[in-house]
>>> print(open('input36.csv').read())   # CSV, C-alpha atoms and all ligand atoms
chain,number,residue,atom,x,y,z
A,1,MET,CA,0.0,0.0,0.0
A,2,VAL,CA,1.3,3.5,-0.9
A,3,ARG,CA,1.7,5.6,2.3
A,4,ILE,CA,1.6,9.3,3.1
A,5,ALA,CA,3.2,10.4,6.4
A,6,ILE,CA,1.4,13.1,8.3
A,7,GLN,CA,1.8,14.6,11.7
A,8,SER,CA,0.1,12.5,14.4
A,9,LYS,CA,-0.8,15.5,16.6
A,10,GLY,CA,0.2,19.1,16.7
A,11,ARG,CA,-0.2,22.1,14.5
A,12,LEU,CA,-0.2,20.4,11.1
A,13,ASN,CA,-2.3,17.3,12.0
A,14,GLU,CA,-5.8,18.8,11.5
A,15,GLU,CA,-5.0,20.8,8.4
A,16,SER,CA,-3.3,17.8,6.8
A,17,VAL,CA,-6.4,15.7,7.4
A,18,VAL,CA,-8.7,18.4,6.2
A,19,LEU,CA,-6.6,19.0,3.0
A,20,LEU,CA,-6.7,15.2,2.2
A,21,GLN,CA,-10.4,15.2,2.9
A,22,SER,CA,-11.0,18.1,0.6
A,23,ILE,CA,-9.3,16.3,-2.3
A,24,GLY,CA,-11.4,13.2,-1.8
A,25,ILE,CA,-9.0,11.2,0.5
A,26,THR,CA,-11.0,10.3,3.5
A,27,LEU,CA,-9.0,8.6,6.3
A,28,GLU,CA,-10.6,6.1,8.7
A,29,GLU,CA,-10.9,7.5,12.2
A,30,ALA,CA,-7.5,6.6,13.6
A,31,LYS,CA,-7.1,7.8,17.1
A,32,ARG,CA,-4.0,6.2,18.7
A,33,LYS,CA,-3.3,4.2,15.6
A,34,LEU,CA,-0.2,4.4,13.5
A,35,LEU,CA,-1.7,3.6,10.2
A,36,SER,CA,-5.1,4.4,8.7
A,37,PRO,CA,-6.3,3.5,5.2
A,38,SER,CA,-8.3,5.8,3.1
A,39,ARG,CA,-11.8,4.7,2.2
A,40,ASP,CA,-11.9,6.2,-1.2
A,41,PHE,CA,-8.3,6.4,-2.5
A,42,PRO,CA,-5.5,3.8,-2.7
A,43,ILE,CA,-3.3,5.3,0.0
A,44,GLU,CA,-2.9,4.9,3.8
A,45,ALA,CA,-1.8,7.6,6.3
A,46,LEU,CA,1.1,6.9,8.6
A,47,TYR,CA,0.9,9.1,11.7
A,48,LEU,CA,4.3,10.3,13.0
A,49,ARG,CA,6.0,13.1,14.9
A,50,ASP,CA,6.8,15.8,12.4
A,51,ASP,CA,10.6,15.5,13.1
A,52,ASP,CA,10.5,11.9,11.7
A,53,ILE,CA,8.6,12.6,8.5
A,54,PRO,CA,11.4,13.8,6.2
A,55,GLN,CA,13.6,10.7,6.9
A,56,VAL,CA,10.7,8.3,6.7
A,57,VAL,CA,9.9,9.7,3.2
A,58,ALA,CA,13.6,9.8,2.2
A,59,GLY,CA,14.0,6.2,3.2
A,60,GLY,CA,10.8,5.1,1.3
A,61,THR,CA,8.8,3.8,4.3
A,62,ALA,CA,6.2,6.4,3.1
A,63,ALA,CA,6.2,7.5,-0.5
A,64,PHE,CA,4.8,10.9,0.4
A,65,GLY,CA,4.6,13.2,3.5
A,66,ILE,CA,3.1,16.5,4.7
A,67,VAL,CA,5.4,18.4,6.9
A,68,GLY,CA,6.8,21.9,7.6
A,69,MET,CA,9.5,23.1,5.2
A,70,ASN,CA,11.5,24.0,8.3
A,71,GLU,CA,11.7,20.3,9.2
A,72,VAL,CA,12.7,19.3,5.6
A,73,ALA,CA,15.5,21.9,5.6
A,74,GLU,CA,16.7,21.1,9.0
A,75,LYS,CA,16.9,17.3,8.4
A,76,GLY,CA,18.5,17.8,5.0
A,77,ALA,CA,16.5,14.8,3.9
A,78,ARG,CA,16.8,13.7,0.3
A,79,VAL,CA,13.1,14.3,-0.7
A,80,ASP,CA,11.4,16.2,-3.5
A,81,VAL,CA,9.2,19.2,-2.4
A,82,VAL,CA,6.3,18.8,-4.8
A,83,SER,CA,3.8,21.3,-3.6
A,84,HIS,CA,3.4,24.2,-1.1
A,85,LEU,CA,0.1,23.7,0.6
A,86,GLY,CA,-0.8,27.1,1.9
A,87,PHE,CA,-1.0,26.4,5.6
A,88,GLY,CA,1.4,26.1,8.6
A,89,GLY,CA,3.0,29.4,7.7
A,90,CYS,CA,5.8,30.5,10.1
A,91,ARG,CA,9.4,31.7,10.0
A,92,LEU,CA,12.6,30.8,11.8
A,93,SER,CA,14.0,34.0,13.4
A,94,LEU,CA,16.8,35.1,15.6
A,95,ALA,CA,15.5,36.9,18.7
A,96,ILE,CA,17.4,38.7,21.5
A,97,PRO,CA,16.4,40.1,24.9
A,98,LYS,CA,14.5,43.3,24.7
A,99,GLY,CA,16.6,46.3,25.4
A,100,ALA,CA,19.9,44.8,24.1
A,101,ALA,CA,21.7,47.2,21.8
A,102,TYR,CA,21.4,45.4,18.4
A,103,ASP,CA,23.5,46.6,15.6
A,104,GLY,CA,23.1,43.9,12.9
A,105,PRO,CA,23.9,40.2,12.6
A,106,SER,CA,27.5,40.7,13.9
A,107,TRP,CA,25.9,41.2,17.3
A,108,PHE,CA,25.8,37.4,17.5
A,109,ALA,CA,29.5,37.0,17.2
A,110,GLY,CA,30.8,35.1,20.3
A,111,LYS,CA,27.2,34.7,21.6
A,112,GLN,CA,25.4,31.5,22.6
A,113,ILE,CA,22.2,30.9,20.7
A,114,ALA,CA,19.6,28.3,21.8
A,115,THR,CA,17.7,26.5,19.1
A,116,SER,CA,16.1,23.2,17.9
A,117,TYR,CA,17.2,24.0,14.4
A,118,PRO,CA,21.0,23.9,14.6
A,119,ASN,CA,21.6,23.0,10.9
A,120,ILE,CA,19.5,25.9,9.5
A,121,LEU,CA,21.2,28.3,12.0
A,122,ARG,CA,24.7,27.0,11.3
A,123,LYS,CA,24.2,27.7,7.6
A,124,TYR,CA,23.0,31.2,8.3
A,125,LEU,CA,25.9,31.9,10.6
A,126,ASP,CA,28.4,30.5,8.1
A,127,ASP,CA,26.9,32.4,5.2
A,128,ASN,CA,27.2,35.6,7.2
A,129,GLY,CA,30.7,34.9,8.6
A,130,ILE,CA,29.5,34.9,12.2
A,131,ASP,CA,31.2,32.7,14.8
A,132,ALA,CA,28.6,31.9,17.5
A,133,LYS,CA,28.0,28.9,19.8
A,134,ILE,CA,24.8,26.9,19.2
A,135,GLU,CA,23.1,25.3,22.2
A,136,VAL,CA,20.7,22.6,21.0
A,137,ILE,CA,17.5,22.4,23.1
A,138,THR,CA,14.4,20.6,22.0
A,139,GLY,CA,11.6,22.4,23.8
A,140,SER,CA,10.8,25.8,25.4
A,141,VAL,CA,13.7,27.5,23.5
A,142,GLU,CA,12.2,30.9,24.3
A,143,ILE,CA,13.0,30.7,28.0
A,144,ALA,CA,16.7,30.0,27.4
A,145,PRO,CA,17.9,33.6,27.7
A,146,ALA,CA,15.9,34.3,30.9
A,147,ILE,CA,17.3,31.2,32.6
A,148,GLY,CA,20.8,32.1,31.6
A,149,ILE,CA,21.7,29.3,29.2
A,150,ALA,CA,21.9,31.4,26.1
A,151,ASP,CA,22.2,35.1,25.0
A,152,ALA,CA,19.7,34.7,22.1
A,153,ILE,CA,17.4,32.2,20.5
A,154,PHE,CA,16.7,31.0,17.0
A,155,ASP,CA,13.1,29.6,16.8
A,156,ILE,CA,9.8,29.4,15.1
A,157,VAL,CA,7.8,32.6,15.1
A,158,SER,CA,4.3,33.1,13.7
A,159,SER,CA,2.5,35.9,15.5
A,160,GLY,CA,5.4,36.9,17.7
A,161,SER,CA,3.3,36.8,20.9
A,162,THR,CA,5.5,34.1,22.5
A,163,LEU,CA,8.6,36.2,22.0
A,164,ILE,CA,6.9,39.3,23.5
A,165,SER,CA,5.7,37.3,26.6
A,166,ASN,CA,9.3,36.1,27.1
A,167,GLY,CA,10.8,39.6,26.8
A,168,LEU,CA,12.4,38.9,23.4
A,169,VAL,CA,12.6,40.8,20.2
A,170,GLU,CA,12.8,39.3,16.7
A,171,VAL,CA,15.9,40.8,15.0
A,172,GLU,CA,16.6,38.6,11.9
A,173,LYS,CA,14.1,36.6,9.9
A,174,VAL,CA,16.1,33.8,8.5
A,175,PHE,CA,13.9,31.1,7.0
A,176,VAL,CA,10.3,31.3,5.8
A,177,SER,CA,8.3,28.0,6.1
A,178,ASP,CA,5.0,26.5,5.2
A,179,ALA,CA,3.6,23.0,5.0
A,180,VAL,CA,4.7,21.1,2.0
A,181,LEU,CA,4.0,17.9,0.2
A,182,ILE,CA,7.1,15.9,-0.1
A,183,ALA,CA,7.8,12.7,-2.1
A,184,LYS,CA,10.6,10.2,-2.0
A,185,PRO,CA,12.9,10.3,-5.0
A,186,ASP,CA,12.6,7.5,-7.6
A,187,LEU,CA,8.8,6.9,-7.3
A,188,SER,CA,7.4,3.7,-8.8
A,189,THR,CA,5.0,4.0,-11.8
A,190,GLN,CA,2.1,3.4,-9.4
A,191,GLU,CA,3.3,6.0,-6.9
A,192,ARG,CA,3.9,8.5,-9.7
A,193,GLU,CA,0.3,8.1,-10.9
A,194,ILE,CA,-1.0,8.6,-7.4
A,195,LEU,CA,1.1,11.7,-6.9
A,196,ASP,CA,-0.1,13.1,-10.2
A,197,GLU,CA,-3.7,12.6,-9.2
A,198,ILE,CA,-3.0,14.2,-5.8
A,199,LEU,CA,-1.4,17.2,-7.4
A,200,PHE,CA,-4.2,17.5,-9.9
A,201,ARG,CA,-6.8,17.6,-7.1
A,202,ILE,CA,-4.7,20.0,-5.0
A,203,GLU,CA,-4.5,22.4,-8.0
A,204,SER,CA,-8.3,22.3,-8.4
A,205,GLU,CA,-8.7,22.9,-4.7
A,206,ASN,CA,-6.3,25.9,-4.8
A,207,LEU,CA,-8.1,27.4,-7.8
A,208,SER,CA,-11.5,27.2,-6.1
A,209,ARG,CA,-10.3,28.6,-2.8
A,210,ASP,CA,-11.8,32.0,-2.1
A,211,LYS,CA,-13.8,32.0,-5.3
A,212,LYS,CA,-17.5,32.8,-5.5
A,213,TYR,CA,-20.0,31.8,-8.2
A,214,LEU,CA,-22.2,34.8,-9.2
A,215,LEU,CA,-25.4,34.7,-11.2
A,216,MET,CA,-27.8,37.6,-11.9
A,217,ASN,CA,-30.4,38.9,-14.3
A,218,LEU,CA,-29.5,41.8,-16.6
A,219,PRO,CA,-31.2,43.9,-19.3
A,220,GLU,CA,-29.6,43.4,-22.7
A,221,THR,CA,-28.3,47.0,-22.7
A,222,ALA,CA,-26.1,46.2,-19.7
A,223,LEU,CA,-24.6,43.0,-21.1
A,224,GLU,CA,-21.5,44.4,-22.7
A,225,GLU,CA,-20.5,46.4,-19.6
A,226,ALA,CA,-21.3,43.3,-17.4
A,227,VAL,CA,-18.9,41.2,-19.4
A,228,ARG,CA,-16.2,43.8,-18.9
A,229,ILE,CA,-16.8,43.8,-15.1
A,230,LEU,CA,-16.7,39.9,-15.0
A,231,PRO,CA,-13.9,38.5,-17.1
A,232,ALA,CA,-14.5,34.9,-15.9
A,233,MET,CA,-12.4,31.9,-17.0
A,234,ARG,CA,-13.1,32.1,-20.7
A,235,SER,CA,-16.0,34.5,-20.7
A,236,PRO,CA,-19.2,34.6,-18.6
A,237,THR,CA,-22.1,32.4,-19.5
A,238,VAL,CA,-25.1,34.4,-20.9
A,239,ILE,CA,-28.5,32.7,-21.1
A,240,PRO,CA,-31.6,34.5,-22.4
A,241,LEU,CA,-34.5,34.6,-20.0
A,242,SER,CA,-38.1,34.0,-21.1
A,243,SER,CA,-38.8,37.8,-20.7
A,244,PRO,CA,-37.7,39.5,-23.8
A,245,GLY,CA,-34.6,41.8,-23.4
A,246,TRP,CA,-33.4,40.1,-20.3
A,247,TYR,CA,-30.5,37.7,-19.7
A,248,SER,CA,-29.1,35.6,-16.9
A,249,LEU,CA,-25.3,36.0,-16.5
A,250,HIS,CA,-23.1,33.5,-14.6
A,251,SER,CA,-19.5,34.0,-13.6
A,252,VAL,CA,-16.8,33.2,-11.0
A,253,VAL,CA,-15.0,36.0,-9.1
A,254,ASP,CA,-12.4,36.2,-6.3
A,255,ALA,CA,-14.1,36.5,-3.0
A,256,SER,CA,-12.0,39.6,-2.2
A,257,ASP,CA,-13.5,41.4,-5.3
A,258,LEU,CA,-17.1,40.3,-4.6
A,259,TRP,CA,-18.6,43.4,-3.1
A,260,THR,CA,-16.9,45.8,-5.6
A,261,LYS,CA,-18.2,43.7,-8.5
A,262,VAL,CA,-21.7,43.5,-6.9
A,263,ARG,CA,-21.7,47.3,-6.5
A,264,GLN,CA,-20.7,47.8,-10.2
A,265,LEU,CA,-23.2,45.3,-11.4
A,266,LYS,CA,-26.1,46.8,-9.4
A,267,ALA,CA,-25.1,50.2,-10.9
A,268,ILE,CA,-25.6,48.9,-14.5
A,269,GLY,CA,-29.0,47.3,-13.7
A,270,ALA,CA,-28.3,43.8,-12.4
A,271,GLU,CA,-31.1,42.2,-10.4
A,272,GLY,CA,-31.6,39.1,-8.4
A,273,ILE,CA,-27.9,38.5,-7.8
A,274,LEU,CA,-27.1,35.1,-6.3
A,275,VAL,CA,-23.7,34.4,-4.7
A,276,MET,CA,-22.6,30.8,-4.1
A,277,ASP,CA,-19.5,29.0,-2.8
A,278,VAL,CA,-17.4,27.2,-5.4
A,279,ASP,CA,-16.5,23.7,-4.4
A,280,LYS,CA,-14.1,22.7,-7.1
A,281,ILE,CA,-12.7,24.3,-10.3
A,282,ILE,CA,-11.3,21.9,-12.8
A,283,LEU,CA,-9.7,23.4,-15.8
B,1,LIG,P1,5.7,16.7,17.1
B,1,LIG,O1,5.2,16.2,18.3
B,1,LIG,O2,5.0,16.2,15.9
B,1,LIG,O3,7.2,16.7,17.0
B,1,LIG,P2,6.1,19.6,17.3
B,1,LIG,O4,5.8,20.0,18.7
B,1,LIG,O5,7.6,19.4,16.9
B,1,LIG,O6,5.3,18.3,17.0
B,1,LIG,P3,4.3,21.6,16.3
B,1,LIG,O7,4.3,22.6,17.3
B,1,LIG,O8,3.0,20.7,16.2
B,1,LIG,O9,5.6,20.6,16.3
B,1,LIG,O10,4.5,22.3,14.9
B,1,LIG,C1,4.5,21.6,13.7
B,1,LIG,C2,4.9,22.5,12.6
B,1,LIG,O11,3.9,23.5,12.4
B,1,LIG,C3,6.2,23.3,12.7
B,1,LIG,O12,7.4,22.5,12.4
B,1,LIG,C4,6.0,24.4,11.7
B,1,LIG,O13,6.3,23.9,10.4
B,1,LIG,C5,4.5,24.7,11.8
B,1,LIG,N1,4.1,25.9,12.5
B,1,LIG,C6,3.4,26.9,12.1
B,1,LIG,N2,3.2,27.9,13.0
B,1,LIG,C7,3.9,27.5,14.1
B,1,LIG,C8,4.0,28.1,15.3
B,1,LIG,N3,3.5,29.3,15.7
B,1,LIG,N4,4.8,27.4,16.3
B,1,LIG,C9,5.2,26.2,16.0
B,1,LIG,N5,5.1,25.6,14.7
B,1,LIG,C10,4.4,26.2,13.8
B,2,MG,MG,8.6,17.9,16.3
>>> encode(input="input36.csv", output="structure tokens", more="lines below")
Ligand code: ATP
Ligand code: MG
Amino acid sequence: MVRIAIQSKGRLNEESVVLLQSIGITLEEAKRKLLSPSRDFPIEALYLRDDDIPQVVAGGTAAFGIVGMNEVAEKGARVDVVSHLGFGGCRLSLAIPKGAAYDGPSWFAGKQIATSYPNILRKYLDDNGIDAKIEVITGSVEIAPAIGIADAIFDIVSSGSTLISNGLVEVEKVFVSDAVLIAKPDLSTQEREILDEILFRIESENLSRDKKYLLMNLPETALEEAVRILPAMRSPTVIPLSSPGWYSLHSVVDASDLWTKVRQLKAIGAEGILVMDVDKIIL
């Protein structure tokens, strides 16, 4: 059976399961199980700690995995990053105690930096010609300066509130991460086919995200202007109504443009505007 490794619990677990569900891969309820087959797709999920996912995929125990790009880079695993999935966004940053006189990356020379990401940090320090000491700690990195085991930290930041509550300030953003779909190199023909199908479905899912389907009635005189307002994928669908001189116009718009477009369409005489969610767009 072809396997996809996903995080067993933690920040990426739920969104990984939801993403798979949204592309028609429904996993059997698998609380406390290591493996769970999909009911509707020839794949089974292997639940792991996120740290283990890059190696398990590189080694071929799972053909695919969903994991943070930070873990892929840190482990240096030989895997292909096949898609960025649009969730789990965060960055790895250097942070120092609030109030320290920071004058650029050379501040770190001779300092001790606590982190769970020594490889990414080492590369940054080497690239910038900084000689600093790395203290590897696996949890609660942000308390290291306060308890005196480091001068600074290199850790995951998303909103920055954890840093603030520990009296730290972010001074260098080093690595931007999001959740990615990874694949082992040298896929078999069957695995390649499964990956192609997954990527096809993810693309359709991405296309339909934040899209709205709009339909409305319009007098014939407004048609030309309406087509200009609503470019659509090829062009909007225009269907004559049974009342002479009136048409129904259908199109897809970005959710962020919805209210501007509605305002413009109302202004040219659109009536009975219906707005619906788009489930899938398949080109
Ligand atoms: P595990 O038990 O699986 O080892 P973990 O504690 O190492 O889990 P989580 O905190 O669940 O990891 O984070 C998983 C991933 O989520 C991170 O590696 C990162 O890619 C992403 N992430 C996004 N935002 C954040 C954040 N604010 N803090 C931590 N991780 C984040
Ligand atoms: Mg982990």
>>> closest_residue(input="input36.csv", among="A:Gly272, A:Gly167, A:Pro54, A:Gly89", to="ligand MG 2 (chain B)", atoms="all atoms listed in the file")
A:Pro54
>>> atom_distance(input="input36.csv", atom1="atom O8 of ligand LIG 1 (chain B)", atom2="atom CA of Glu14 of chain A")
10.2 Å
>>> residues_near_ligand(input="input36.csv", ligand="ligand MG 2 (chain B)", cutoff="7 Å", atoms="only C-alpha atoms and all ligand atoms", output="list in words")
Arg49, Asp50 and Asp51 of chain A
>>> atom_distance(input="input36.csv", atom1="atom CA of Gly245 of chain A", atom2="atom CA of Lys212 of chain A")
26.3 Å
>>> closest_residue(input="input36.csv", among="A:Leu27, A:Met1, A:Val72, A:Leu35", to="ligand LIG 1 (chain B)", atoms="only C-alpha atoms and all ligand atoms")
A:Val72
>>> residues_near_ligand(input="input36.csv", ligand="ligand LIG 1 (chain B)", cutoff="6 Å", atoms="all atoms listed in the file", output="PyMOL selection string")
chain A and resi 7+9-12+49-51+68+70-71+88-90+156-158+178
>>> closest_residue(input="input36.csv", among="A:Val81, A:Ile120, A:Val169, A:Leu223", to="Tyr102 of chain A", atoms="all atoms listed in the file")
A:Val169
>>> closest_residue(input="input36.csv", among="A:Ala132, A:Val171, A:Ala77, A:Val141", to="Gly99 of chain A", atoms="all atoms listed in the file")
A:Val171
>>> atom_distance(input="input36.csv", atom1="atom CA of Lys173 of chain A", atom2="atom CA of Tyr124 of chain A")
10.5 Å
>>> build_atoms(input="input36.csv", residues="segment 130-141 of chain A", atoms="all heavy atoms", output="mmCIF file, in the coordinates of the input")
data_model
loop_
_atom_site.group_PDB
_atom_site.id
_atom_site.type_symbol
_atom_site.label_atom_id
_atom_site.label_comp_id
_atom_site.auth_asym_id
_atom_site.auth_seq_id
_atom_site.Cartn_x
_atom_site.Cartn_y
_atom_site.Cartn_z
ATOM 1 N N ILE A 130 29.612 34.593 10.782
ATOM 2 C CA ILE A 130 29.500 34.900 12.200
ATOM 3 C C ILE A 130 29.902 33.630 13.012
ATOM 4 O O ILE A 130 29.409 32.524 12.761
ATOM 5 C CB ILE A 130 28.028 35.233 12.589
ATOM 6 C CG1 ILE A 130 27.595 36.492 11.834
ATOM 7 C CG2 ILE A 130 27.884 35.435 14.094
ATOM 8 C CD1 ILE A 130 26.091 36.666 11.788
ATOM 9 N N ASP A 131 30.764 33.840 13.976
ATOM 10 C CA ASP A 131 31.200 32.700 14.800
ATOM 11 C C ASP A 131 30.437 32.792 16.131
ATOM 12 O O ASP A 131 30.707 33.637 16.982
ATOM 13 C CB ASP A 131 32.724 32.882 15.043
ATOM 14 C CG ASP A 131 33.294 31.665 15.746
ATOM 15 O OD1 ASP A 131 32.597 30.632 15.802
ATOM 16 O OD2 ASP A 131 34.428 31.774 16.264
ATOM 17 N N ALA A 132 29.418 31.938 16.261
ATOM 18 C CA ALA A 132 28.600 31.900 17.500
ATOM 19 C C ALA A 132 28.475 30.483 17.958
ATOM 20 O O ALA A 132 28.669 29.551 17.173
ATOM 21 C CB ALA A 132 27.242 32.533 17.232
ATOM 22 N N LYS A 133 28.108 30.308 19.225
ATOM 23 C CA LYS A 133 28.000 28.900 19.800
ATOM 24 C C LYS A 133 26.491 28.556 19.748
ATOM 25 O O LYS A 133 25.642 29.323 20.195
ATOM 26 C CB LYS A 133 28.528 28.908 21.177
ATOM 27 C CG LYS A 133 28.541 27.521 21.766
ATOM 28 C CD LYS A 133 29.539 27.401 22.912
ATOM 29 C CE LYS A 133 29.668 25.952 23.404
ATOM 30 N NZ LYS A 133 28.421 25.319 23.799
ATOM 31 N N ILE A 134 26.211 27.372 19.227
ATOM 32 C CA ILE A 134 24.800 26.900 19.200
ATOM 33 C C ILE A 134 24.538 25.933 20.295
ATOM 34 O O ILE A 134 25.253 24.947 20.470
ATOM 35 C CB ILE A 134 24.548 26.242 17.789
ATOM 36 C CG1 ILE A 134 24.777 27.252 16.649
ATOM 37 C CG2 ILE A 134 23.144 25.678 17.731
ATOM 38 C CD1 ILE A 134 24.604 26.681 15.256
ATOM 39 N N GLU A 135 23.503 26.233 21.077
ATOM 40 C CA GLU A 135 23.100 25.300 22.200
ATOM 41 C C GLU A 135 21.798 24.639 21.655
ATOM 42 O O GLU A 135 20.766 25.288 21.463
ATOM 43 C CB GLU A 135 22.634 26.134 23.388
ATOM 44 C CG GLU A 135 23.735 26.717 24.222
ATOM 45 C CD GLU A 135 24.606 25.657 24.867
ATOM 46 O OE1 GLU A 135 24.091 24.562 25.191
ATOM 47 O OE2 GLU A 135 25.812 25.931 25.018
ATOM 48 N N VAL A 136 21.865 23.330 21.463
ATOM 49 C CA VAL A 136 20.700 22.600 21.000
ATOM 50 C C VAL A 136 19.756 22.292 22.139
ATOM 51 O O VAL A 136 20.162 21.594 23.059
ATOM 52 C CB VAL A 136 21.044 21.365 20.191
ATOM 53 C CG1 VAL A 136 19.787 20.664 19.690
ATOM 54 C CG2 VAL A 136 21.959 21.704 19.031
ATOM 55 N N ILE A 137 18.538 22.831 22.122
ATOM 56 C CA ILE A 137 17.500 22.400 23.100
ATOM 57 C C ILE A 137 16.243 22.081 22.326
ATOM 58 O O ILE A 137 15.934 22.720 21.334
ATOM 59 C CB ILE A 137 17.267 23.383 24.251
ATOM 60 C CG1 ILE A 137 17.281 24.834 23.799
ATOM 61 C CG2 ILE A 137 18.235 23.183 25.373
ATOM 62 C CD1 ILE A 137 17.044 25.798 24.954
ATOM 63 N N THR A 138 15.503 21.084 22.801
ATOM 64 C CA THR A 138 14.400 20.600 22.000
ATOM 65 C C THR A 138 13.056 21.269 22.315
ATOM 66 O O THR A 138 12.179 21.325 21.484
ATOM 67 C CB THR A 138 14.263 19.087 22.011
ATOM 68 O OG1 THR A 138 14.316 18.693 23.373
ATOM 69 C CG2 THR A 138 15.369 18.424 21.225
ATOM 70 N N GLY A 139 12.900 21.771 23.528
ATOM 71 C CA GLY A 139 11.600 22.400 23.800
ATOM 72 C C GLY A 139 11.822 23.705 24.574
ATOM 73 O O GLY A 139 12.902 23.961 25.107
ATOM 74 N N SER A 140 10.796 24.556 24.602
ATOM 75 C CA SER A 140 10.800 25.800 25.400
ATOM 76 C C SER A 140 12.091 26.629 25.127
ATOM 77 O O SER A 140 12.692 27.147 26.069
ATOM 78 C CB SER A 140 10.652 25.565 26.844
ATOM 79 O OG SER A 140 9.505 24.794 27.069
ATOM 80 N N VAL A 141 12.480 26.729 23.880
ATOM 81 C CA VAL A 141 13.700 27.500 23.500
ATOM 82 C C VAL A 141 13.605 28.927 24.006
ATOM 83 O O VAL A 141 14.599 29.506 24.456
ATOM 84 C CB VAL A 141 13.856 27.445 21.968
ATOM 85 C CG1 VAL A 141 14.969 28.365 21.510
ATOM 86 C CG2 VAL A 141 14.121 26.022 21.508
#
